[in-house]
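Down below is the structure, laid out as structure tokens.
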Amino acid sequence: MANHRLVTLIWIFTEKFGLIFLSMITFVVFARLLTPTELGIGTVIIAIVEIVGMLYSSVLEDPLVRMERLEAKHISTTFWFAVLISLASIVVISLAAVLYTPSPALQWMTAVASVKILFTMMARVYVVEMRRTSNFKRLASRTLLGKIAGGVGGIGVALLGYGPWAVIAQALIMDFVCVVVLMLADRRRIAFCIDGPILRELLKSGTPVAINVLSSQTLQRGVNVVLGMTAGAHAVGMFNLAMRIIDLPRTAIYNGLMSYALPVFARRIGDPPRLIGMISDSTAISGFLLTPFFLGIALTAEDIILLIFGAKWAAAVPLLQVLAGTAALGNLAMYATTALVAVNHTRVTLKAEVITTLLALALVYAMGPVYGGMGAALALLVRMLIITPLQVRGLNTAIGYGWDAFFESSYRSVIASLVMATAVLFASSHLALQGYLHLVGNIAIGAVTYAMAYSVLHPRWPQEFKLVFTAR
């Protein structure tokens, strides 16, 4: 059992860290070839399309994953409903673009980008099957192939000088290749059938999940849209570069962890103490790795941006620092939403998710014209400070996961990370190094200091972390 869990996690993170590597290569090339304004335009268009795709995906996918038995009529109903709703959305988005913008170029970019919804939705039933059977090897293969194809296509478009089209081409090609790989690997014939009662049940159980997901995804992608409306495409480009540096590793790591955690948590819903223990252990291990990682990005933000992306992106340095600090705080309750989905209690935080998202977007709208990208970064920080305690309260209501468990799973990584930050800030100004050597020196000092501080707080951490994969 322990070996199976480790193999599963290895395939999950082969996919996710492979994506980080490929995405970083593509993004560095885009940052070199595109202007902030061009990157901002492509980002806003893809953000609008992805919000729609994320909404539909979350309604259908997670409820299917946690079903005890998945039948052919569930598959056919989900697949064909997904196709029909995607086609309707493409028409609506294309018409909205014609009405909203007089620019033919923007109209065409939006219409073409909206086809991504169809590719995303066609893949859902195949992804569900693989998540249910823990076939993460195939999931990893299709995503990596799609990312390679999308990256090559996007870079090719950028080299040809088509600006924002590069961002759109990358997203479209990636999703198209992903769905083709899945359909070739699973050549089932999906009969055209939409079962009304099954569809209603899926929509009923998936809607609260979708609202939660929509809240967070609207936050991530809606910020770009609102910032573009209030501060312009250049501000979106700067903010997006900083956000991408955070989101590339965060999305890959978080999605990998949540893909594994949802079925694991769901199998323990009949034993709340054991479920609470699993959430606490998972949070402790994730915090051990991720809290210093994101805080480290904040500490080395200037070197990262100037050395890798160039001086034209210097204005993104303070944005990256704020966003990295926000990501570090997000580790404290990172499994809350997944645990609530597993026990089917997403409604307990639904209102909080929606209200804090609307608050953040309102702050972006108010501060964007004055502070540009920094207004968006501060809005996300404010939301994180508000939503984290509300998520813990929701877990307490649903399964009895209280503040004692919250602090016990997080305090060591937080304290050790603060010790690390103090050491790096002190040593950085005294290092007689420049360029990449200065960056490497700061990373080395931070890693050693964190490891020592955490070991002092928790000397037996290697043995206890190992037990998570063998005893539970």
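Within each chain, counting starts at residue 1; across the structure tokens, chains are named A, B, ... in the order shown, with ligands numbered 1 upward in that order.
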
| field | Near-Val28 of chain A list (8 Å; only C-alpha atoms; drop same-chain fewer than 4 positions) as an NGL selection string | value | :A and (24 or 32 or 308-309)

Pull all heavy atoms from the residues just selected and write them as a tab-separated table (two decimals), in the first residue's frame.
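Result went into selection-v1.tsv, see below:
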```tsv
chain	number	residue	atom	x	y	z
A	24	MET	N	7.76	27.32	-17.50
A	24	MET	CA	8.75	28.36	-17.23
A	24	MET	C	9.55	28.69	-18.48
A	24	MET	O	9.82	29.86	-18.77
A	24	MET	CB	9.67	27.92	-16.09
A	24	MET	CG	10.66	29.01	-15.67
A	24	MET	SD	9.85	30.56	-15.17
A	24	MET	CE	9.12	30.07	-13.61
A	32	ARG	N	10.53	37.60	-22.96
A	32	ARG	CA	11.60	38.20	-23.76
A	32	ARG	C	11.07	38.75	-25.10
A	32	ARG	O	11.55	39.78	-25.58
A	32	ARG	CB	12.69	37.15	-24.04
A	32	ARG	CG	13.44	36.70	-22.79
A	32	ARG	CD	14.40	37.77	-22.30
A	32	ARG	NE	15.22	37.30	-21.18
A	32	ARG	CZ	16.17	38.02	-20.63
A	32	ARG	NH1	16.44	39.23	-21.10
A	32	ARG	NH2	16.85	37.56	-19.59
A	308	ILE	N	16.41	36.84	-14.79
A	308	ILE	CA	15.76	35.91	-15.71
A	308	ILE	C	14.94	36.62	-16.77
A	308	ILE	O	14.98	36.26	-17.96
A	308	ILE	CB	14.88	34.92	-14.93
A	308	ILE	CG1	15.74	34.09	-13.97
A	308	ILE	CG2	14.11	34.00	-15.88
A	308	ILE	CD1	14.95	33.17	-13.07
A	309	PHE	N	14.20	37.66	-16.37
A	309	PHE	CA	13.25	38.28	-17.30
A	309	PHE	C	13.74	39.62	-17.87
A	309	PHE	O	13.23	40.06	-18.89
A	309	PHE	CB	11.91	38.48	-16.60
A	309	PHE	CG	11.27	37.20	-16.17
A	309	PHE	CD1	11.38	36.76	-14.86
A	309	PHE	CD2	10.58	36.40	-17.07
A	309	PHE	CE1	10.81	35.56	-14.46
A	309	PHE	CE2	10.01	35.21	-16.68
A	309	PHE	CZ	10.14	34.77	-15.37
```

| request: Write out as JSON, numbers by chain the residues lying within 12 Å of Lys312 of chain A, counting only C-alpha atoms and excluding same-chain residues fewer than 6 positions away. | output: {"A": [31, 32, 33, 34, 35, 36, 37, 234, 237, 238, 241, 305, 306]}

Convert the current residue selection to file output with C-alpha atoms, as an mmCIF file, in the first residue's frame.
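Below you can see out05.cif, which holds the result:
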```
data_model
loop_
_atom_site.group_PDB
_atom_site.id
_atom_site.type_symbol
_atom_site.label_atom_id
_atom_site.label_comp_id
_atom_site.auth_asym_id
_atom_site.auth_seq_id
_atom_site.Cartn_x
_atom_site.Cartn_y
_atom_site.Cartn_z
ATOM 1 C CA ALA A 31 8.615 37.660 -21.481
ATOM 2 C CA ARG A 32 11.602 38.205 -23.764
ATOM 3 C CA LEU A 33 9.658 38.400 -27.049
ATOM 4 C CA LEU A 34 6.424 40.143 -26.025
ATOM 5 C CA THR A 35 5.864 43.555 -24.504
ATOM 6 C CA PRO A 36 3.953 43.877 -21.207
ATOM 7 C CA THR A 37 0.973 45.199 -23.174
ATOM 8 C CA HIS A 234 0.473 47.204 -19.405
ATOM 9 C CA GLY A 237 1.274 42.388 -18.126
ATOM 10 C CA MET A 238 3.341 43.391 -15.077
ATOM 11 C CA LEU A 241 4.392 38.132 -14.879
ATOM 12 C CA ILE A 305 13.044 39.088 -12.161
ATOM 13 C CA LEU A 306 16.092 41.111 -13.205
#
```

| message | Excluding Gly151 of chain A and its own-chain neighbours fewer than 4 positions away, which residues fall within 9 Å of it when counting only C-alpha atoms? Please give them as a list in words. | response |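 Here the qualifying residues turn out to be Leu22, Ser23, Ile25, Thr26, Phe27, Gly146, Lys147, Ile155, Gly156, Ala169, Gln170, Ala171, Ile173 and Met174 of chain A.
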
Write the residues of the selection above to a file with N, CA and C atoms, as a short mmCIF file (atom, residue, chain, number, x, y, z; two decimals), in the first residue's frame.
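After the write, out11.cif holds the following:
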```cif
data_model
loop_
_atom_site.label_atom_id
_atom_site.label_comp_id
_atom_site.auth_asym_id
_atom_site.auth_seq_id
_atom_site.Cartn_x
_atom_site.Cartn_y
_atom_site.Cartn_z
N LEU A 22 8.35 23.10 -18.24
CA LEU A 22 7.96 23.49 -19.60
C LEU A 22 7.31 24.87 -19.62
N SER A 23 6.46 25.14 -18.64
CA SER A 23 5.78 26.43 -18.59
C SER A 23 6.77 27.57 -18.35
N ILE A 25 9.92 27.65 -19.25
CA ILE A 25 10.65 27.91 -20.49
C ILE A 25 9.81 28.78 -21.42
N THR A 26 8.55 28.38 -21.61
CA THR A 26 7.67 29.14 -22.49
C THR A 26 7.47 30.55 -21.99
N PHE A 27 7.27 30.69 -20.68
CA PHE A 27 6.98 32.01 -20.14
C PHE A 27 8.18 32.94 -20.22
N GLY A 146 0.75 17.67 -24.25
CA GLY A 146 0.02 18.88 -24.60
C GLY A 146 0.83 20.13 -24.34
N LYS A 147 1.53 20.15 -23.22
CA LYS A 147 2.31 21.32 -22.86
C LYS A 147 3.47 21.53 -23.82
N ILE A 155 5.53 29.57 -28.92
CA ILE A 155 6.81 30.24 -29.19
C ILE A 155 6.96 30.52 -30.68
N GLY A 156 6.51 29.58 -31.52
CA GLY A 156 6.57 29.81 -32.96
C GLY A 156 5.77 31.03 -33.38
N ALA A 169 -2.53 30.82 -28.89
CA ALA A 169 -2.13 29.60 -29.60
C ALA A 169 -1.62 28.55 -28.62
N GLN A 170 -0.83 28.96 -27.66
CA GLN A 170 -0.31 28.01 -26.68
C GLN A 170 -1.44 27.29 -25.94
N ALA A 171 -2.42 28.05 -25.46
CA ALA A 171 -3.52 27.47 -24.68
C ALA A 171 -4.37 26.53 -25.54
N ILE A 173 -3.59 24.91 -28.45
CA ILE A 173 -2.87 23.71 -28.89
C ILE A 173 -2.72 22.73 -27.73
N MET A 174 -2.41 23.23 -26.55
CA MET A 174 -2.23 22.34 -25.40
C MET A 174 -3.50 21.55 -25.10
#
```

| request: Do a neighbour search on segment 42-54 of chain A at 8 Å with only C-alpha atoms, toss out local chain neighbours closer than 5 positions, and write the hits as a list in words. | output: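 Selected residues are Met109, Thr110, Ala113, Ser114, Lys116, Ile117, Thr120, Met121, Pro164, Trp165, Ala166, Val167, Ile168, Ala171, Val213, Leu214, Gln217, Thr218, Arg221, Gly222, Asn224, Val225, Gly228, Val236, Gly237 and Asn240 of chain A.
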
Got time to write the residues from that selection, N, CA and C atoms, as a CSV table (one decimal), in the first residue's frame?
```csv
chain,number,residue,atom,x,y,z
A,109,MET,N,-9.5,37.2,-31.9
A,109,MET,CA,-8.7,36.5,-30.8
A,109,MET,C,-9.7,35.9,-29.8
A,110,THR,N,-10.7,36.7,-29.4
A,110,THR,CA,-11.6,36.2,-28.4
A,110,THR,C,-12.4,35.0,-28.9
A,113,ALA,N,-10.1,31.9,-29.2
A,113,ALA,CA,-9.7,31.5,-27.8
A,113,ALA,C,-10.8,30.7,-27.2
A,114,SER,N,-12.1,31.1,-27.4
A,114,SER,CA,-13.2,30.4,-26.8
A,114,SER,C,-13.4,29.0,-27.1
A,116,LYS,N,-11.2,26.8,-26.8
A,116,LYS,CA,-10.6,26.1,-25.7
A,116,LYS,C,-11.6,25.5,-24.7
A,117,ILE,N,-12.7,26.1,-24.6
A,117,ILE,CA,-13.7,25.6,-23.7
A,117,ILE,C,-14.2,24.2,-24.1
A,120,THR,N,-11.4,21.6,-23.4
A,120,THR,CA,-11.4,21.3,-22.0
A,120,THR,C,-12.5,20.4,-21.5
A,121,MET,N,-13.7,20.7,-22.0
A,121,MET,CA,-14.8,19.9,-21.5
A,121,MET,C,-14.9,18.5,-22.1
A,164,PRO,N,0.0,38.9,-29.0
A,164,PRO,CA,-1.0,38.2,-28.1
A,164,PRO,C,-1.5,36.9,-28.7
A,165,TRP,N,-1.4,36.7,-30.0
A,165,TRP,CA,-1.8,35.4,-30.5
A,165,TRP,C,-1.0,34.3,-30.0
A,166,ALA,N,0.3,34.6,-29.6
A,166,ALA,CA,1.1,33.5,-29.0
A,166,ALA,C,0.5,32.9,-27.8
A,167,VAL,N,0.0,33.7,-26.9
A,167,VAL,CA,-0.6,33.2,-25.7
A,167,VAL,C,-1.8,32.4,-26.0
A,168,ILE,N,-2.6,32.8,-26.9
A,168,ILE,CA,-3.9,32.1,-27.3
A,168,ILE,C,-3.5,30.8,-28.0
A,171,ALA,N,-2.4,28.1,-25.5
A,171,ALA,CA,-3.5,27.5,-24.7
A,171,ALA,C,-4.4,26.5,-25.5
A,213,VAL,N,-15.1,26.8,-6.5
A,213,VAL,CA,-14.1,26.9,-7.5
A,213,VAL,C,-14.1,28.2,-8.3
A,214,LEU,N,-15.4,28.5,-8.7
A,214,LEU,CA,-15.5,29.8,-9.5
A,214,LEU,C,-15.1,31.0,-8.7
A,217,GLN,N,-11.2,30.8,-8.9
A,217,GLN,CA,-10.8,31.0,-10.2
A,217,GLN,C,-11.2,32.3,-10.8
A,218,THR,N,-12.4,32.8,-10.4
A,218,THR,CA,-12.7,34.2,-10.8
A,218,THR,C,-11.8,35.2,-10.2
A,221,ARG,N,-8.4,34.8,-12.3
A,221,ARG,CA,-8.5,35.3,-13.7
A,221,ARG,C,-9.3,36.6,-13.7
A,222,GLY,N,-10.3,36.8,-12.8
A,222,GLY,CA,-11.1,38.0,-12.8
A,222,GLY,C,-10.3,39.2,-12.5
A,224,ASN,N,-7.3,39.8,-13.4
A,224,ASN,CA,-6.7,40.3,-14.7
A,224,ASN,C,-7.7,41.1,-15.5
A,225,VAL,N,-8.9,40.6,-15.5
A,225,VAL,CA,-9.9,41.3,-16.3
A,225,VAL,C,-10.3,42.7,-15.8
A,228,GLY,N,-7.4,45.0,-16.2
A,228,GLY,CA,-7.3,45.5,-17.5
A,228,GLY,C,-8.3,46.6,-17.8
A,236,VAL,N,-1.7,44.9,-16.5
A,236,VAL,CA,-2.0,43.4,-16.5
A,236,VAL,C,-0.7,42.6,-16.8
A,237,GLY,N,0.1,43.1,-17.8
A,237,GLY,CA,1.3,42.4,-18.1
A,237,GLY,C,2.2,42.3,-17.0
A,240,ASN,N,0.7,40.0,-14.3
A,240,ASN,CA,0.6,38.6,-14.7
A,240,ASN,C,2.0,38.0,-14.7
```

| said: With only C-alpha atoms as the counted atoms, please give the residues lying no more than 10 Å from Ser282 of chain A, apart from itself and same-chain residues fewer than 2 positions off, as an MDAnalysis selection string. | reply: chainID A and resid 257 261 276:280 284:288 334:335 409 465 468

| All residues 12 Å or closer to segment 270-272 of chain A, only C-alpha atoms, same chain fewer than 3 positions away omitted, as an NGL selection string | :A and (265-267 or 275-279 or 339 or 342-343 or 395-396 or 398-401 or 472)

How close does segment 251-329 of chain A get to segment 416-435 of chain A? List, as a tab-separated table, each residue of segment 251-329 of chain A within 12 Å, its nearest atom pair and the distance in Å to one decimal, counting only C-alpha atoms.
```
residue	atom	partner	partner_atom	distance
A:Gly287	CA	A:Ser417	CA	9.9
A:Phe288	CA	A:Ala416	CA	9.0
A:Leu289	CA	A:Ser417	CA	10.2
A:Leu290	CA	A:Ser417	CA	9.9
A:Thr291	CA	A:Ser417	CA	6.8
A:Pro292	CA	A:Ser417	CA	5.2
A:Phe293	CA	A:Ser417	CA	8.9
A:Phe294	CA	A:Ser417	CA	9.7
A:Leu295	CA	A:Ser417	CA	7.2
A:Gly296	CA	A:Ala421	CA	7.5
A:Ile297	CA	A:Ala421	CA	10.6
A:Ala298	CA	A:Ala421	CA	9.4
A:Leu299	CA	A:Ala421	CA	7.1
A:Thr300	CA	A:Val424	CA	9.2
A:Glu302	CA	A:Gly435	CA	10.4
A:Asp303	CA	A:Gly435	CA	7.2
A:Ile304	CA	A:Gly435	CA	9.7
A:Ile305	CA	A:Gly435	CA	11.3
A:Leu306	CA	A:Gly435	CA	9.0
A:Leu307	CA	A:Gly435	CA	6.9
A:Ile308	CA	A:Gly435	CA	10.3
A:Gly325	CA	A:Ser417	CA	11.3
A:Ala328	CA	A:Ser417	CA	9.7
A:Leu329	CA	A:Ser417	CA	11.4
```

Just the selected residues (N, CA, C and O atoms), exported as a compact mmCIF listing (two decimals), in the first residue's frame, please.
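Printed below is again-v5.txt as written:
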```txt
# COMPACT_ATOMS: atom_id res chain seq x y z
N GLY A 287 3.24 22.28 4.29
CA GLY A 287 3.79 23.51 4.83
C GLY A 287 5.29 23.46 5.01
O GLY A 287 6.00 24.45 4.80
N PHE A 288 5.80 22.30 5.40
CA PHE A 288 7.23 22.10 5.56
C PHE A 288 7.98 22.44 4.27
O PHE A 288 9.06 23.03 4.28
N LEU A 289 7.40 22.08 3.13
CA LEU A 289 8.04 22.30 1.83
C LEU A 289 7.68 23.65 1.21
O LEU A 289 8.54 24.34 0.65
N LEU A 290 6.42 24.04 1.30
CA LEU A 290 5.92 25.16 0.51
C LEU A 290 6.04 26.51 1.19
O LEU A 290 6.24 27.52 0.51
N THR A 291 5.89 26.56 2.51
CA THR A 291 5.98 27.87 3.19
C THR A 291 7.35 28.50 2.98
O THR A 291 7.43 29.68 2.58
N PRO A 292 8.46 27.79 3.22
CA PRO A 292 9.76 28.42 2.95
C PRO A 292 10.00 28.66 1.45
O PRO A 292 10.71 29.60 1.08
N PHE A 293 9.40 27.82 0.61
CA PHE A 293 9.58 27.99 -0.83
C PHE A 293 9.04 29.34 -1.29
O PHE A 293 9.73 30.11 -1.97
N PHE A 294 7.79 29.65 -0.92
CA PHE A 294 7.19 30.91 -1.37
C PHE A 294 7.79 32.11 -0.65
O PHE A 294 7.97 33.17 -1.26
N LEU A 295 8.10 31.96 0.62
CA LEU A 295 8.77 33.06 1.31
C LEU A 295 10.15 33.31 0.71
O LEU A 295 10.60 34.45 0.60
N GLY A 296 10.79 32.24 0.27
CA GLY A 296 12.08 32.39 -0.40
C GLY A 296 11.97 33.15 -1.71
O GLY A 296 12.86 33.93 -2.06
N ILE A 297 10.88 32.93 -2.44
CA ILE A 297 10.66 33.70 -3.68
C ILE A 297 10.54 35.19 -3.35
O ILE A 297 11.09 36.04 -4.07
N ALA A 298 9.83 35.52 -2.28
CA ALA A 298 9.70 36.93 -1.87
C ALA A 298 11.06 37.53 -1.54
O ALA A 298 11.35 38.68 -1.89
N LEU A 299 11.91 36.76 -0.88
CA LEU A 299 13.22 37.26 -0.46
C LEU A 299 14.16 37.46 -1.64
O LEU A 299 15.06 38.32 -1.59
N THR A 300 13.99 36.69 -2.69
CA THR A 300 14.91 36.75 -3.84
C THR A 300 14.23 37.33 -5.09
O THR A 300 14.71 37.14 -6.21
N GLU A 302 13.91 40.28 -6.46
CA GLU A 302 14.64 41.20 -7.34
C GLU A 302 15.61 40.44 -8.23
O GLU A 302 15.69 40.69 -9.45
N ASP A 303 16.35 39.52 -7.66
CA ASP A 303 17.29 38.73 -8.47
C ASP A 303 16.55 37.90 -9.51
O ASP A 303 16.98 37.80 -10.67
N ILE A 304 15.44 37.28 -9.12
CA ILE A 304 14.70 36.41 -10.04
C ILE A 304 14.24 37.19 -11.26
O ILE A 304 14.43 36.77 -12.41
N ILE A 305 13.63 38.34 -11.04
CA ILE A 305 13.04 39.09 -12.16
C ILE A 305 14.12 39.74 -13.02
O ILE A 305 14.10 39.63 -14.26
N LEU A 306 15.09 40.40 -12.41
CA LEU A 306 16.09 41.11 -13.20
C LEU A 306 17.01 40.16 -13.95
O LEU A 306 17.40 40.42 -15.10
N LEU A 307 17.37 39.04 -13.32
CA LEU A 307 18.31 38.12 -13.97
C LEU A 307 17.64 37.28 -15.05
O LEU A 307 18.24 37.00 -16.09
N ILE A 308 16.41 36.84 -14.79
CA ILE A 308 15.76 35.91 -15.71
C ILE A 308 14.94 36.62 -16.77
O ILE A 308 14.98 36.26 -17.96
N GLY A 325 4.31 36.34 -0.54
CA GLY A 325 3.88 36.31 0.86
C GLY A 325 2.45 35.81 1.00
O GLY A 325 2.13 35.05 1.92
N ALA A 328 2.45 32.05 0.62
CA ALA A 328 2.95 31.39 1.83
C ALA A 328 1.84 31.29 2.89
O ALA A 328 1.68 30.26 3.55
N LEU A 329 1.04 32.35 3.03
CA LEU A 329 -0.09 32.31 3.97
C LEU A 329 -1.13 31.28 3.54
O LEU A 329 -1.78 30.63 4.37
```

| Atom pair atom CA of Pro462 of chain A / atom CA of Ala405 of chain A: separation (Å) |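 Computing it gives 19.8 Å between the two atoms.
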
| message | Could you tell me how far atom CA of Glu201 of chain A sits from atom CA of Met183 of chain A, in Å to one decimal place? | response |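 We find that atom CA of Met183 of chain A and atom CA of Glu201 of chain A lie 26.0 Å from each other.
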
Report as a tab-separated table the residues of segment 220-257 of chain A within 7 Å of segment 367-379 of chain A, each with its shortest atom pair and distance in Å (one decimal), using only C-alpha atoms, ordered by chain and increasing residue number.
```
residue	atom	partner	partner_atom	distance
A:Val223	CA	A:Ala376	CA	6.7
A:Leu227	CA	A:Gly368	CA	5.9
A:Thr230	CA	A:Pro369	CA	5.4
A:Ala231	CA	A:Pro369	CA	5.0
A:Ala235	CA	A:Gly373	CA	5.4
A:Val236	CA	A:Gly373	CA	6.7
A:Met238	CA	A:Gly373	CA	6.7
A:Phe239	CA	A:Gly373	CA	5.0
```

Find the residues of segment 19-91 of chain A that sit at most 9 Å from segment 122-127 of chain A; for each, write down the nearest two atoms and how far apart they are in Å, to one decimal. Count only C-alpha atoms. Sort by chain, then by number going up, and give it as a Markdown table.
```
| residue | atom | partner | partner_atom | distance |
| --- | --- | --- | --- | --- |
| A:Ser57 | CA | A:Arg124 | CA | 6.9 |
| A:Leu60 | CA | A:Arg124 | CA | 7.8 |
| A:Glu61 | CA | A:Arg124 | CA | 6.3 |
| A:Leu64 | CA | A:Val125 | CA | 8.5 |
| A:Ile75 | CA | A:Val125 | CA | 6.2 |
| A:Ser76 | CA | A:Val125 | CA | 8.6 |
| A:Thr78 | CA | A:Val125 | CA | 7.0 |
| A:Phe79 | CA | A:Met122 | CA | 6.3 |
| A:Trp80 | CA | A:Met122 | CA | 8.4 |
| A:Ala82 | CA | A:Met122 | CA | 6.6 |
| A:Val83 | CA | A:Met122 | CA | 6.4 |
| A:Ser86 | CA | A:Met122 | CA | 8.9 |
```

| In Å to one decimal, how far is atom CA of Met229 of chain A from atom CA of Gly40 of chain A? |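 Calculated distance between atom CA of Gly40 of chain A and atom CA of Met229 of chain A is 11.3 Å.
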
| task | Among the residues of segment 97-135 of chain A, find those DSSP assigns to alpha helix (DSSP H) from the backbone and print them as a PyMOL selection string. | result | chain A and resi 97-100+104-113+115-122+124-132

With N, CA and C atoms retained, could you export that selection as an mmCIF file, in the first residue's frame?
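For reference, out_20.cif as written:
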```cif
data_model
loop_
_atom_site.group_PDB
_atom_site.id
_atom_site.type_symbol
_atom_site.label_atom_id
_atom_site.label_comp_id
_atom_site.auth_asym_id
_atom_site.auth_seq_id
_atom_site.Cartn_x
_atom_site.Cartn_y
_atom_site.Cartn_z
ATOM 1 N N ALA A 97 -17.974 39.547 -27.702
ATOM 2 C CA ALA A 97 -16.771 40.244 -28.150
ATOM 3 C C ALA A 97 -17.092 41.248 -29.245
ATOM 4 N N VAL A 98 -17.998 40.857 -30.144
ATOM 5 C CA VAL A 98 -18.397 41.771 -31.221
ATOM 6 C C VAL A 98 -19.079 43.010 -30.647
ATOM 7 N N LEU A 99 -19.906 42.802 -29.619
ATOM 8 C CA LEU A 99 -20.624 43.928 -29.011
ATOM 9 C C LEU A 99 -19.734 44.784 -28.129
ATOM 10 N N TYR A 100 -18.762 44.154 -27.460
ATOM 11 C CA TYR A 100 -17.975 44.868 -26.454
ATOM 12 C C TYR A 100 -16.841 45.685 -27.053
ATOM 13 N N PRO A 104 -11.517 44.523 -34.664
ATOM 14 C CA PRO A 104 -11.656 43.199 -35.311
ATOM 15 C C PRO A 104 -10.614 42.195 -34.795
ATOM 16 N N ALA A 105 -9.406 42.681 -34.514
ATOM 17 C CA ALA A 105 -8.358 41.784 -34.022
ATOM 18 C C ALA A 105 -8.749 41.165 -32.686
ATOM 19 N N LEU A 106 -9.260 42.000 -31.770
ATOM 20 C CA LEU A 106 -9.673 41.492 -30.472
ATOM 21 C C LEU A 106 -10.886 40.568 -30.595
ATOM 22 N N GLN A 107 -11.785 40.891 -31.523
ATOM 23 C CA GLN A 107 -12.949 40.033 -31.743
ATOM 24 C C GLN A 107 -12.520 38.646 -32.205
ATOM 25 N N TRP A 108 -11.598 38.607 -33.160
ATOM 26 C CA TRP A 108 -11.135 37.309 -33.668
ATOM 27 C C TRP A 108 -10.364 36.540 -32.596
ATOM 28 N N MET A 109 -9.509 37.233 -31.851
ATOM 29 C CA MET A 109 -8.748 36.550 -30.807
ATOM 30 C C MET A 109 -9.669 35.928 -29.761
ATOM 31 N N THR A 110 -10.702 36.668 -29.373
ATOM 32 C CA THR A 110 -11.634 36.159 -28.368
ATOM 33 C C THR A 110 -12.427 34.972 -28.895
ATOM 34 N N ALA A 111 -12.900 35.081 -30.137
ATOM 35 C CA ALA A 111 -13.684 33.985 -30.721
ATOM 36 C C ALA A 111 -12.855 32.714 -30.852
ATOM 37 N N VAL A 112 -11.638 32.845 -31.341
ATOM 38 C CA VAL A 112 -10.774 31.667 -31.499
ATOM 39 C C VAL A 112 -10.413 31.084 -30.136
ATOM 40 N N ALA A 113 -10.090 31.935 -29.175
ATOM 41 C CA ALA A 113 -9.708 31.457 -27.838
ATOM 42 C C ALA A 113 -10.843 30.695 -27.163
ATOM 43 N N VAL A 115 -12.758 28.520 -28.250
ATOM 44 C CA VAL A 115 -12.794 27.105 -28.633
ATOM 45 C C VAL A 115 -12.095 26.242 -27.583
ATOM 46 N N LYS A 116 -11.241 26.844 -26.797
ATOM 47 C CA LYS A 116 -10.558 26.131 -25.707
ATOM 48 C C LYS A 116 -11.560 25.491 -24.748
ATOM 49 N N ILE A 117 -12.715 26.115 -24.559
ATOM 50 C CA ILE A 117 -13.735 25.563 -23.662
ATOM 51 C C ILE A 117 -14.166 24.180 -24.131
ATOM 52 N N LEU A 118 -14.369 24.022 -25.435
ATOM 53 C CA LEU A 118 -14.796 22.741 -25.978
ATOM 54 C C LEU A 118 -13.756 21.657 -25.713
ATOM 55 N N PHE A 119 -12.489 21.953 -25.978
ATOM 56 C CA PHE A 119 -11.436 20.959 -25.762
ATOM 57 C C PHE A 119 -11.338 20.585 -24.282
ATOM 58 N N THR A 120 -11.435 21.589 -23.421
ATOM 59 C CA THR A 120 -11.355 21.339 -21.980
ATOM 60 C C THR A 120 -12.475 20.434 -21.519
ATOM 61 N N MET A 121 -13.684 20.699 -21.972
ATOM 62 C CA MET A 121 -14.847 19.948 -21.501
ATOM 63 C C MET A 121 -14.916 18.533 -22.080
ATOM 64 N N MET A 122 -14.465 18.343 -23.301
ATOM 65 C CA MET A 122 -14.464 17.005 -23.894
ATOM 66 C C MET A 122 -13.558 16.043 -23.116
ATOM 67 N N ARG A 124 -13.185 15.932 -19.831
ATOM 68 C CA ARG A 124 -13.555 15.721 -18.429
ATOM 69 C C ARG A 124 -13.833 14.264 -18.091
ATOM 70 N N VAL A 125 -14.615 13.557 -18.913
ATOM 71 C CA VAL A 125 -14.991 12.189 -18.544
ATOM 72 C C VAL A 125 -13.776 11.263 -18.526
ATOM 73 N N TYR A 126 -12.814 11.517 -19.392
ATOM 74 C CA TYR A 126 -11.610 10.702 -19.405
ATOM 75 C C TYR A 126 -10.751 10.974 -18.170
ATOM 76 N N VAL A 127 -10.664 12.238 -17.790
ATOM 77 C CA VAL A 127 -9.904 12.599 -16.595
ATOM 78 C C VAL A 127 -10.544 11.992 -15.348
ATOM 79 N N VAL A 128 -11.879 11.990 -15.302
ATOM 80 C CA VAL A 128 -12.587 11.399 -14.165
ATOM 81 C C VAL A 128 -12.220 9.925 -14.007
ATOM 82 N N GLU A 129 -12.264 9.193 -15.106
ATOM 83 C CA GLU A 129 -11.938 7.770 -15.059
ATOM 84 C C GLU A 129 -10.520 7.543 -14.535
ATOM 85 N N MET A 130 -9.595 8.357 -14.963
ATOM 86 C CA MET A 130 -8.207 8.179 -14.551
ATOM 87 C C MET A 130 -7.987 8.567 -13.093
ATOM 88 N N ARG A 131 -8.681 9.602 -12.652
ATOM 89 C CA ARG A 131 -8.566 9.970 -11.240
ATOM 90 C C ARG A 131 -9.164 8.891 -10.356
ATOM 91 N N ARG A 132 -10.281 8.298 -10.788
ATOM 92 C CA ARG A 132 -10.933 7.264 -9.976
ATOM 93 C C ARG A 132 -10.086 5.995 -9.889
#
```
